[in-house]
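Quick look at input_13.txt (compact mmCIF, C-alpha atoms):
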```txt
# COMPACT_ATOMS: atom_id res chain seq x y z
CA MET W 1 5.29 -19.76 11.41
CA PRO W 2 3.93 -16.41 12.63
CA ARG W 3 3.91 -15.88 16.38
CA SER W 4 0.63 -14.15 17.21
CA LYS W 5 -2.66 -16.00 17.13
CA GLU W 6 -4.10 -13.41 14.72
CA ASP W 7 -1.21 -13.87 12.30
CA GLN W 8 -1.48 -17.65 12.54
CA ILE W 9 -5.16 -17.48 11.53
CA LEU W 10 -4.35 -15.16 8.62
CA TYR W 11 -1.41 -17.34 7.58
CA LYS W 12 -3.71 -20.37 7.42
CA ARG W 13 -6.25 -18.36 5.44
CA PHE W 14 -3.63 -17.37 2.88
CA ARG W 15 -2.43 -20.95 2.61
CA ASP W 16 -6.02 -22.12 2.04
CA LEU W 17 -6.50 -19.51 -0.71
CA GLY W 18 -3.28 -20.63 -2.38
CA ASN W 19 -4.41 -24.25 -2.20
CA MET W 20 -7.82 -23.38 -3.63
CA ALA W 21 -6.26 -21.55 -6.58
CA TYR W 22 -3.98 -24.50 -7.31
CA GLN W 23 -6.56 -27.28 -6.84
CA ARG W 24 -9.41 -25.61 -8.73
CA GLY W 25 -7.31 -23.85 -11.36
CA ILE W 26 -8.94 -20.47 -10.66
CA CYS W 27 -7.94 -17.07 -9.33
CA VAL W 28 -9.12 -16.28 -5.80
CA TYR W 29 -8.86 -13.01 -3.93
CA SER W 30 -8.16 -11.86 -0.39
CA ASP W 31 -9.64 -8.87 1.38
CA PHE W 32 -7.53 -5.71 1.54
CA VAL W 33 -4.27 -6.37 3.36
CA THR W 34 -1.43 -4.27 4.73
CA ILE W 35 2.15 -4.53 3.55
CA THR W 36 2.98 -6.66 6.62
CA GLN W 37 0.17 -9.06 5.76
CA GLN W 38 1.40 -9.26 2.17
CA GLU W 39 4.69 -10.58 3.51
CA LEU W 40 2.74 -13.17 5.51
CA ALA W 41 1.01 -14.29 2.30
CA CYS W 42 4.39 -14.75 0.63
CA GLN W 43 5.51 -16.94 3.53
CA ALA W 44 2.34 -19.05 3.25
CA LEU W 45 2.81 -19.57 -0.49
CA ALA W 46 6.50 -20.34 -0.02
CA GLU W 47 5.35 -23.34 2.03
CA LEU W 48 3.18 -24.51 -0.87
CA TYR W 49 5.88 -23.84 -3.47
CA PRO W 50 9.16 -24.55 -1.60
CA ASP W 51 11.28 -24.60 -4.76
CA THR W 52 9.97 -21.30 -6.11
CA HIS W 53 11.76 -17.98 -5.65
CA THR W 54 9.72 -15.30 -3.86
CA GLU W 55 9.53 -13.15 -7.00
CA GLN W 56 8.03 -16.08 -8.95
CA LEU W 57 5.29 -17.08 -6.50
CA PRO W 58 1.80 -17.19 -8.11
CA LEU W 59 0.67 -14.09 -6.21
CA TYR W 60 -0.23 -10.64 -7.48
CA SER W 61 -1.48 -7.58 -5.63
CA TYR W 62 -3.37 -4.42 -6.57
CA GLY W 63 -5.08 -1.71 -4.57
CA GLY W 64 -7.01 0.21 -7.23
CA TYR W 65 -4.23 2.61 -8.22
CA GLU W 66 -0.47 2.58 -8.55
CA GLU W 67 1.46 2.25 -5.29
CA ALA W 68 -1.60 1.77 -3.07
CA ASP W 69 -0.73 0.92 0.52
CA ARG W 70 -3.61 -1.46 1.18
CA GLN W 71 -4.02 -4.04 -1.57
CA VAL W 72 -6.07 -7.09 -2.54
CA LEU W 73 -4.08 -10.26 -3.18
CA MET W 74 -4.76 -12.49 -6.17
CA PHE W 75 -3.82 -16.14 -5.64
CA MET W 76 -3.61 -17.88 -8.99
CA PRO W 77 -2.65 -21.17 -10.62
CA PRO W 78 1.00 -20.96 -11.76
CA GLU W 79 -0.03 -21.20 -15.41
CA TYR W 80 -2.06 -17.96 -15.08
CA MET W 81 0.90 -15.76 -14.19
CA ASP W 82 1.28 -14.43 -17.74
CA ARG W 83 -2.42 -13.58 -18.04
CA ILE W 84 -3.05 -11.35 -15.02
CA SER W 85 -4.63 -7.91 -15.28
CA ASP W 86 -5.52 -5.17 -12.82
CA THR W 87 -9.03 -5.14 -14.27
CA GLN W 88 -9.66 -8.61 -12.84
CA PHE W 89 -9.62 -7.40 -9.25
CA PRO W 90 -12.97 -7.01 -7.41
CA ILE W 91 -12.22 -3.42 -6.42
CA SER W 92 -14.48 -0.38 -6.73
CA CYS W 93 -13.69 3.29 -6.24
CA ILE W 94 -16.37 5.53 -4.74
CA ARG W 95 -16.01 9.28 -5.20
CA ILE W 96 -17.56 11.26 -2.34
CA ALA W 97 -18.01 15.00 -2.85
CA PRO W 98 -19.93 17.72 -0.99
CA VAL W 99 -23.24 18.69 -2.57
CA ASN W 100 -22.53 22.35 -1.85
CA ARG W 101 -18.84 23.12 -2.16
CA LYS W 102 -19.26 26.56 -0.58
CA PHE W 103 -20.50 25.15 2.71
CA GLY W 104 -18.59 21.86 2.71
CA GLU W 105 -16.31 21.17 5.68
CA ALA W 106 -12.61 20.46 5.29
CA LEU W 107 -13.11 16.70 5.61
CA THR W 108 -10.08 14.57 6.33
CA HIS W 109 -9.05 10.94 5.86
CA ARG W 110 -10.17 10.28 9.44
CA ASP W 111 -13.65 11.68 8.70
CA TYR W 112 -14.15 9.47 5.65
CA LEU W 113 -12.79 6.36 7.35
CA GLY W 114 -14.84 6.86 10.50
CA THR W 115 -18.06 7.39 8.57
CA VAL W 116 -17.55 4.39 6.29
CA MET W 117 -16.62 2.14 9.20
CA GLY W 118 -19.74 3.38 11.00
CA MET W 119 -21.83 1.85 8.21
CA GLY W 120 -20.84 -1.62 9.38
CA LEU W 121 -17.85 -2.35 7.13
CA GLU W 122 -14.77 -4.11 8.43
CA ARG W 123 -11.38 -2.49 7.90
CA ASP W 124 -10.24 -5.25 5.54
CA GLN W 125 -13.15 -4.46 3.18
CA ILE W 126 -11.80 -0.95 2.64
CA GLY W 127 -8.58 -0.07 0.86
CA ASP W 128 -6.88 3.30 0.71
CA ILE W 129 -8.85 6.50 1.13
CA LEU W 130 -7.52 9.42 -0.91
CA VAL W 131 -8.53 13.01 -0.18
CA ARG W 132 -7.74 16.04 -2.28
CA MET W 133 -9.05 19.54 -2.87
CA GLU W 134 -11.01 19.92 -6.10
CA GLY W 135 -12.78 22.81 -7.77
CA PRO W 136 -11.89 26.32 -8.92
CA GLU W 137 -9.63 28.52 -6.82
CA GLY W 138 -11.56 30.08 -3.97
CA ALA W 139 -14.34 27.49 -4.21
CA SER W 140 -12.47 24.22 -3.85
CA ALA W 141 -13.60 21.51 -1.44
CA ALA W 142 -12.27 18.25 -0.02
CA VAL W 143 -13.29 15.26 -2.16
CA GLY W 144 -12.69 11.69 -1.04
CA TYR W 145 -12.02 8.54 -3.05
CA VAL W 146 -12.74 5.34 -1.14
CA PHE W 147 -11.51 2.00 -2.49
CA CYS W 148 -13.57 -0.97 -1.38
CA LYS W 149 -14.36 -4.57 -2.26
CA SER W 150 -16.88 -4.54 -5.11
CA ASN W 151 -19.51 -6.36 -3.06
CA MET W 152 -19.50 -3.40 -0.63
CA GLU W 153 -19.96 -0.80 -3.36
CA SER W 154 -23.75 -0.46 -3.02
CA LEU W 155 -23.52 0.12 0.74
CA ILE W 156 -21.08 3.03 0.45
CA LEU W 157 -23.14 4.53 -2.37
CA GLU W 158 -25.95 5.00 0.18
CA LEU W 159 -23.80 7.46 2.12
CA ASP W 160 -25.31 10.97 2.16
CA ARG W 161 -23.59 12.78 5.03
CA ILE W 162 -20.15 13.06 6.59
CA ARG W 163 -20.07 15.03 9.81
CA HIS W 164 -22.30 18.03 9.01
CA THR W 165 -21.64 17.97 5.27
CA THR W 166 -24.21 16.59 2.82
CA VAL W 167 -22.40 14.55 0.18
CA LYS W 168 -23.12 12.79 -3.09
CA THR W 169 -21.49 9.55 -4.15
CA GLU W 170 -20.70 7.89 -7.44
CA CYS W 171 -18.73 4.87 -8.55
CA ILE W 172 -16.00 5.79 -10.99
CA PRO W 173 -13.92 3.48 -13.23
CA LEU W 174 -10.47 2.90 -11.79
CA ASN W 175 -8.83 4.07 -15.00
CA GLN W 176 -10.52 7.46 -14.66
CA LEU W 177 -8.85 8.27 -11.36
CA HIS W 178 -5.75 10.33 -12.05
CA TRP W 179 -3.98 10.63 -8.74
CA GLU W 180 -0.83 12.73 -8.51
CA GLN W 181 1.20 11.67 -5.50
CA LYS W 182 2.84 14.50 -3.55
CA TYR W 183 6.27 14.22 -2.00
CA LYS W 184 8.61 15.99 0.35
CA ASP W 185 12.22 16.03 -0.84
CA ILE W 186 14.86 14.99 1.67
CA SER W 187 18.54 15.25 0.79
CA GLY W 188 21.71 14.22 2.53
CA SER W 189 25.04 12.54 2.09
CA VAL W 190 26.14 8.99 2.84
CA THR W 191 29.33 6.98 2.46
CA THR W 192 27.39 4.27 0.59
CA PRO W 193 23.77 3.88 -0.62
CA ARG W 194 23.17 1.02 1.81
CA LEU W 195 19.80 0.63 3.48
CA ASP W 196 21.01 1.61 6.95
CA ALA W 197 22.73 4.75 5.66
CA VAL W 198 19.82 5.90 3.49
CA LEU W 199 17.37 5.15 6.30
CA SER W 200 19.21 7.50 8.66
CA VAL W 201 18.78 10.31 6.11
CA ALA W 202 15.14 9.52 5.29
CA ILE W 203 13.75 9.36 8.82
CA ARG W 204 16.37 11.58 10.49
CA THR W 205 17.45 9.01 13.02
CA SER W 206 20.72 7.59 14.26
CA ARG W 207 22.35 4.61 12.57
CA THR W 208 21.80 2.59 15.76
CA GLN W 209 18.04 3.29 15.82
CA GLY W 210 17.83 2.53 12.11
CA LEU W 211 19.58 -0.82 12.61
CA GLN W 212 17.08 -1.73 15.31
CA LEU W 213 14.16 -0.99 12.97
CA ILE W 214 15.75 -3.23 10.35
CA ARG W 215 16.41 -6.08 12.81
CA ASP W 216 12.84 -5.89 14.12
CA GLY W 217 11.44 -6.44 10.62
CA ASN W 218 9.95 -2.95 10.33
CA ILE W 219 11.46 -2.14 6.93
CA TYR W 220 9.97 -3.14 3.58
CA ILE W 221 11.61 -2.56 0.22
CA ASN W 222 9.28 -2.75 -2.77
CA GLY W 223 6.76 -4.59 -0.60
CA LYS W 224 9.19 -7.20 0.77
CA CYS W 225 10.47 -7.27 4.35
CA CYS W 226 14.20 -6.59 4.47
CA THR W 227 16.40 -7.38 7.47
CA GLU W 228 19.69 -6.87 5.61
CA ASN W 229 21.14 -3.57 6.77
CA ALA W 230 23.89 -3.67 4.12
CA LYS W 231 21.47 -4.03 1.19
CA LEU W 232 22.38 -1.62 -1.59
CA LEU W 233 19.45 0.47 -2.78
CA ARG W 234 18.71 1.26 -6.39
CA GLU W 235 17.05 4.36 -7.79
CA GLY W 236 13.27 3.94 -7.69
CA ASP W 237 13.21 1.56 -4.70
CA ILE W 238 10.23 2.13 -2.40
CA ILE W 239 11.05 1.96 1.30
CA SER W 240 8.22 1.54 3.81
CA VAL W 241 9.10 2.11 7.46
CA ARG W 242 6.53 1.00 10.00
CA GLY W 243 5.61 3.97 12.16
CA TYR W 244 7.38 6.50 9.92
CA GLY W 245 5.82 6.31 6.47
CA LYS W 246 6.86 5.56 2.90
CA TYR W 247 9.81 6.86 0.91
CA ARG W 248 11.22 6.63 -2.62
CA PHE W 249 14.97 6.43 -3.11
CA CYS W 250 15.38 8.82 -6.03
CA GLN W 251 18.96 9.36 -6.93
CA THR W 252 22.59 9.03 -6.03
CA GLY W 253 24.72 11.98 -7.03
CA VAL W 254 28.41 12.04 -7.77
CA ARG W 255 30.83 11.50 -4.94
CA SER W 256 32.22 14.50 -3.11
CA LYS W 257 35.91 15.08 -2.62
CA LYS W 258 35.56 13.30 0.72
CA GLY W 259 34.13 10.24 -1.00
CA ARG W 260 30.51 10.68 0.12
CA TYR W 261 27.43 10.27 -2.09
CA HIS W 262 24.83 13.04 -2.29
CA ILE W 263 21.40 11.36 -2.25
CA MET W 264 17.76 12.38 -2.64
CA VAL W 265 14.84 10.64 -0.93
CA GLN W 266 11.17 11.54 -1.47
CA GLN W 267 8.74 11.14 1.41
CA TYR W 268 5.12 10.36 0.50
CA ILE W 269 2.75 12.98 1.92
```
With the file now loaded, output its structure as C-alpha cells.
Amino acid sequence: MPRSKEDQILYKRFRDLGNMAYQRGICVYSDFVTITQQELACQALAELYPDTHTEQLPLYSYGGYEEADRQVLMFMPPEYMDRISDTQFPISCIRIAPVNRKFGEALTHRDYLGTVMGMGLERDQIGDILVRMEGPEGASAAVGYVFCKSNMESLILELDRIRHTTVKTECIPLNQLHWEQKYKDISGSVTTPRLDAVLSVAIRTSRTQGLQLIRDGNIYINGKCCTENAKLLREGDIISVRGYGKYRFCQTGVRSKKGRYHIMVQQYI
C-alpha cells in the first residue's frame, strides 16, 4: 500500500475504477496522471488481478500524442484488451496562437499553464502543453497546444489573452498534430549497458548517486518503476528520471579494445 495519504486516496480511486470496469463490462477513464501515478494504478490493478503479469493488466494509457508525459488511463474489462484504440480517449487538443504574430510575446509553457489554471481548471484536467515556434522565418511566433479532458474543451476555447498577447483558439483533431520531438545527444562509454552505468552517462552523475536514485524508486523504464540497478537496457528504452528529465537509450556501439561499449543517449528537450 502507498504511504502518503494522498497516494492512498488515489490508489483507492484507481482500484474503484478497475472494479467498475470489471463489474459493468465498460471502459472507464481517469484524469490525467503522472508517470508515478501510472505505477500506482498498476499496483491497484495487481491487487484485483493477482495472477496477471503487469504487462497483461487491463490498463491502457494515452496522452493525446506519442510519448506524452501526462496521460489518461483507460480501465477496461479483460475481454476488451484487443479492441482498444487511442480514438476512444476523452482527450481534446486546443491550439492557441497569437492573433498578431508580429506583436506576440515569446510565450512559454509556464505562461500557458498559468493562464489555463487561472480559468479554474485542476492540474489533473490538463495533460501536456507543447509550445513551438510557427510561421515564416522572421515572423514566427510561439504557438501552444494544450491537451485537456474533453469536458473542459469549451472552457479553454473561451481563452482570448495570455499575458499581454491576444490569442485565438481552436480545437484540432489529435491526428492532425504532427509533433517532432527534439533531443540532445549524449555519448559516453560503459563497461556494460546496465541501468546504473547508462544512468551515470545520461545525467552526468556518479555511480553512487545513480544507485541512490534507483533505490529510491525515482527511475522509470518504459513507464514502469525500476529498482534493479543491474537491469540491461535495450535500444529504444525510455528512461524517466524524477528531477532530471526523460531519455532514450539509442544505441550500443562495438566494444573498444579495453572492452568498453560506446553508447548514445538522447535527452528530451
ask   = By how many Å are atom CA of W:Tyr261 and atom CA of W:Leu211 apart?
value =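 Separation between atom CA of W:Tyr261 and atom CA of W:Leu211: 20.0 Å.
Closest approach to W:Tyr268 among W:Ile91, W:Ala68, W:Val198, W:Val28 is made by W:Ala68 (distances from all atoms listed in the file).
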message = Set the distance at 12 Å and use only C-alpha atoms: which residues neighbour W:Asn229 once local chain neighbours fewer than 5 positions away are removed? I'd like the list as number ranges by chain.
response = W: 192-200, 207-221
ask   = Using only C-alpha atoms, which residues sit within 12 Å of W:Cys171 once same-chain residues fewer than 6 positions away are excluded, as a PyMOL selection string?
value = chain W and resi 91-97+144-148+150+152-158+177
From W:Ala106, W:Ile186, W:Met117, W:Val254, residue lying nearest W:Val131 [all atoms listed in the file] =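 Checking each candidate against W:Val131, we get W:Ala106 as the closest.
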ask   = What does the distance between atom CA of W:Asp31 and atom CA of W:Ser240 come to in Å, to one decimal place?
value =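 We find that atom CA of W:Asp31 and atom CA of W:Ser240 lie 20.8 Å from each other.
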Nearest-residue call for W:Arg83, choices W:Gly63, W:Ile203, W:Lys102, W:Pro58, using all atoms listed in the file =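 Closest to W:Arg83, using all atoms listed in the file: W:Pro58.
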Interatomic distance, atom CA of W:Ala44 to atom CA of W:Leu17 (Å, one decimal) =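 Separation of atom CA of W:Ala44 and atom CA of W:Leu17: 9.7 Å.
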inquiry  = For W:Arg255, find every residue with an atom within 10 Å (counting only C-alpha atoms), except residues of its own chain fewer than 4 positions away, and show them as number ranges by chain.
reply    = W: 189-192, 259-263
message = Just want the 10 Å neighbourhood of stretch 98-100 of chain W, counted on only C-alpha atoms, with same-chain residues fewer than 4 positions away dropped. Output as a PyMOL selection string.
response = chain W and resi 104-105+107+139+141-144+160-162+165-169
ask   = For W:Arg234, which residue out of W:Lys257, W:Leu113, W:Lys184, W:Val265 is the nearest one, using all atoms listed in the file?
value =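 Answer, going by the shortest atom-to-atom distance: W:Val265.
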request  = Around the point (6.2, -23.2, 8.6), in the coordinates given by the file, pick out the residues reaching within 12 Å, counting all atoms listed in the file, and return them as a list in words.
outcome  =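 Taken together, the residues in range are Met1, Pro2, Arg3, Gln8, Tyr11, Lys12, Arg15, Leu40, Cys42, Gln43, Ala44, Leu45, Ala46, Glu47, Leu48 and Pro50 of chain W.
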Around all of stretch 162-166 of chain W's listed atoms, make the axis-aligned box with 8 Å on each side and tell me centre and edge lengths in Å to one decimal, as JSON.
```
{"center_x": -22.1, "center_y": 15.5, "center_z": 6.3, "size_x": 20.1, "size_y": 21.0, "size_z": 23.0}
```
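Closest approach to W:Gly25 among W:Asp86, W:Glu79, W:Glu137, W:Asp237: W:Glu79, based on all atoms listed in the file.
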N, CA, C and O atoms are what I want for stretch 7-19 of chain W; can you complete it accordingly and write them as an mmCIF file, in the coordinates of the input?
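result_38.cif was written with the following content:
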```
data_model
loop_
_atom_site.group_PDB
_atom_site.id
_atom_site.type_symbol
_atom_site.label_atom_id
_atom_site.label_comp_id
_atom_site.auth_asym_id
_atom_site.auth_seq_id
_atom_site.Cartn_x
_atom_site.Cartn_y
_atom_site.Cartn_z
ATOM 1 N N ASP W 7 -2.017 -13.609 13.491
ATOM 2 C CA ASP W 7 -1.210 -13.870 12.300
ATOM 3 C C ASP W 7 -1.276 -15.333 11.885
ATOM 4 O O ASP W 7 -1.240 -15.660 10.695
ATOM 5 N N GLN W 8 -1.373 -16.227 12.851
ATOM 6 C CA GLN W 8 -1.480 -17.650 12.540
ATOM 7 C C GLN W 8 -2.778 -17.948 11.785
ATOM 8 O O GLN W 8 -2.793 -18.738 10.834
ATOM 9 N N ILE W 9 -3.870 -17.302 12.217
ATOM 10 C CA ILE W 9 -5.160 -17.480 11.530
ATOM 11 C C ILE W 9 -5.075 -16.944 10.109
ATOM 12 O O ILE W 9 -5.542 -17.585 9.152
ATOM 13 N N LEU W 10 -4.467 -15.763 9.949
ATOM 14 C CA LEU W 10 -4.350 -15.160 8.620
ATOM 15 C C LEU W 10 -3.419 -15.986 7.734
ATOM 16 O O LEU W 10 -3.692 -16.166 6.545
ATOM 17 N N TYR W 11 -2.355 -16.493 8.314
ATOM 18 C CA TYR W 11 -1.410 -17.340 7.580
ATOM 19 C C TYR W 11 -2.138 -18.570 7.027
ATOM 20 O O TYR W 11 -1.967 -18.937 5.853
ATOM 21 N N LYS W 12 -2.942 -19.199 7.854
ATOM 22 C CA LYS W 12 -3.710 -20.370 7.420
ATOM 23 C C LYS W 12 -4.707 -19.988 6.323
ATOM 24 O O LYS W 12 -4.909 -20.735 5.366
ATOM 25 N N ARG W 13 -5.305 -18.832 6.460
ATOM 26 C CA ARG W 13 -6.250 -18.360 5.440
ATOM 27 C C ARG W 13 -5.553 -18.177 4.102
ATOM 28 O O ARG W 13 -6.063 -18.605 3.053
ATOM 29 N N PHE W 14 -4.379 -17.572 4.118
ATOM 30 C CA PHE W 14 -3.630 -17.370 2.880
ATOM 31 C C PHE W 14 -3.221 -18.714 2.270
ATOM 32 O O PHE W 14 -3.274 -18.893 1.053
ATOM 33 N N ARG W 15 -2.821 -19.632 3.104
ATOM 34 C CA ARG W 15 -2.430 -20.950 2.610
ATOM 35 C C ARG W 15 -3.617 -21.667 1.970
ATOM 36 O O ARG W 15 -3.500 -22.304 0.920
ATOM 37 N N ASP W 16 -4.800 -21.515 2.589
ATOM 38 C CA ASP W 16 -6.020 -22.120 2.040
ATOM 39 C C ASP W 16 -6.368 -21.502 0.682
ATOM 40 O O ASP W 16 -6.796 -22.208 -0.243
ATOM 41 N N LEU W 17 -6.208 -20.185 0.566
ATOM 42 C CA LEU W 17 -6.500 -19.510 -0.710
ATOM 43 C C LEU W 17 -5.527 -19.977 -1.793
ATOM 44 O O LEU W 17 -5.920 -20.189 -2.945
ATOM 45 N N GLY W 18 -4.263 -20.123 -1.421
ATOM 46 C CA GLY W 18 -3.280 -20.630 -2.380
ATOM 47 C C GLY W 18 -3.601 -22.034 -2.822
ATOM 48 O O GLY W 18 -3.484 -22.369 -4.009
ATOM 49 N N ASN W 19 -4.017 -22.875 -1.884
ATOM 50 C CA ASN W 19 -4.410 -24.250 -2.200
ATOM 51 C C ASN W 19 -5.625 -24.289 -3.123
ATOM 52 O O ASN W 19 -5.683 -25.078 -4.070
#
```
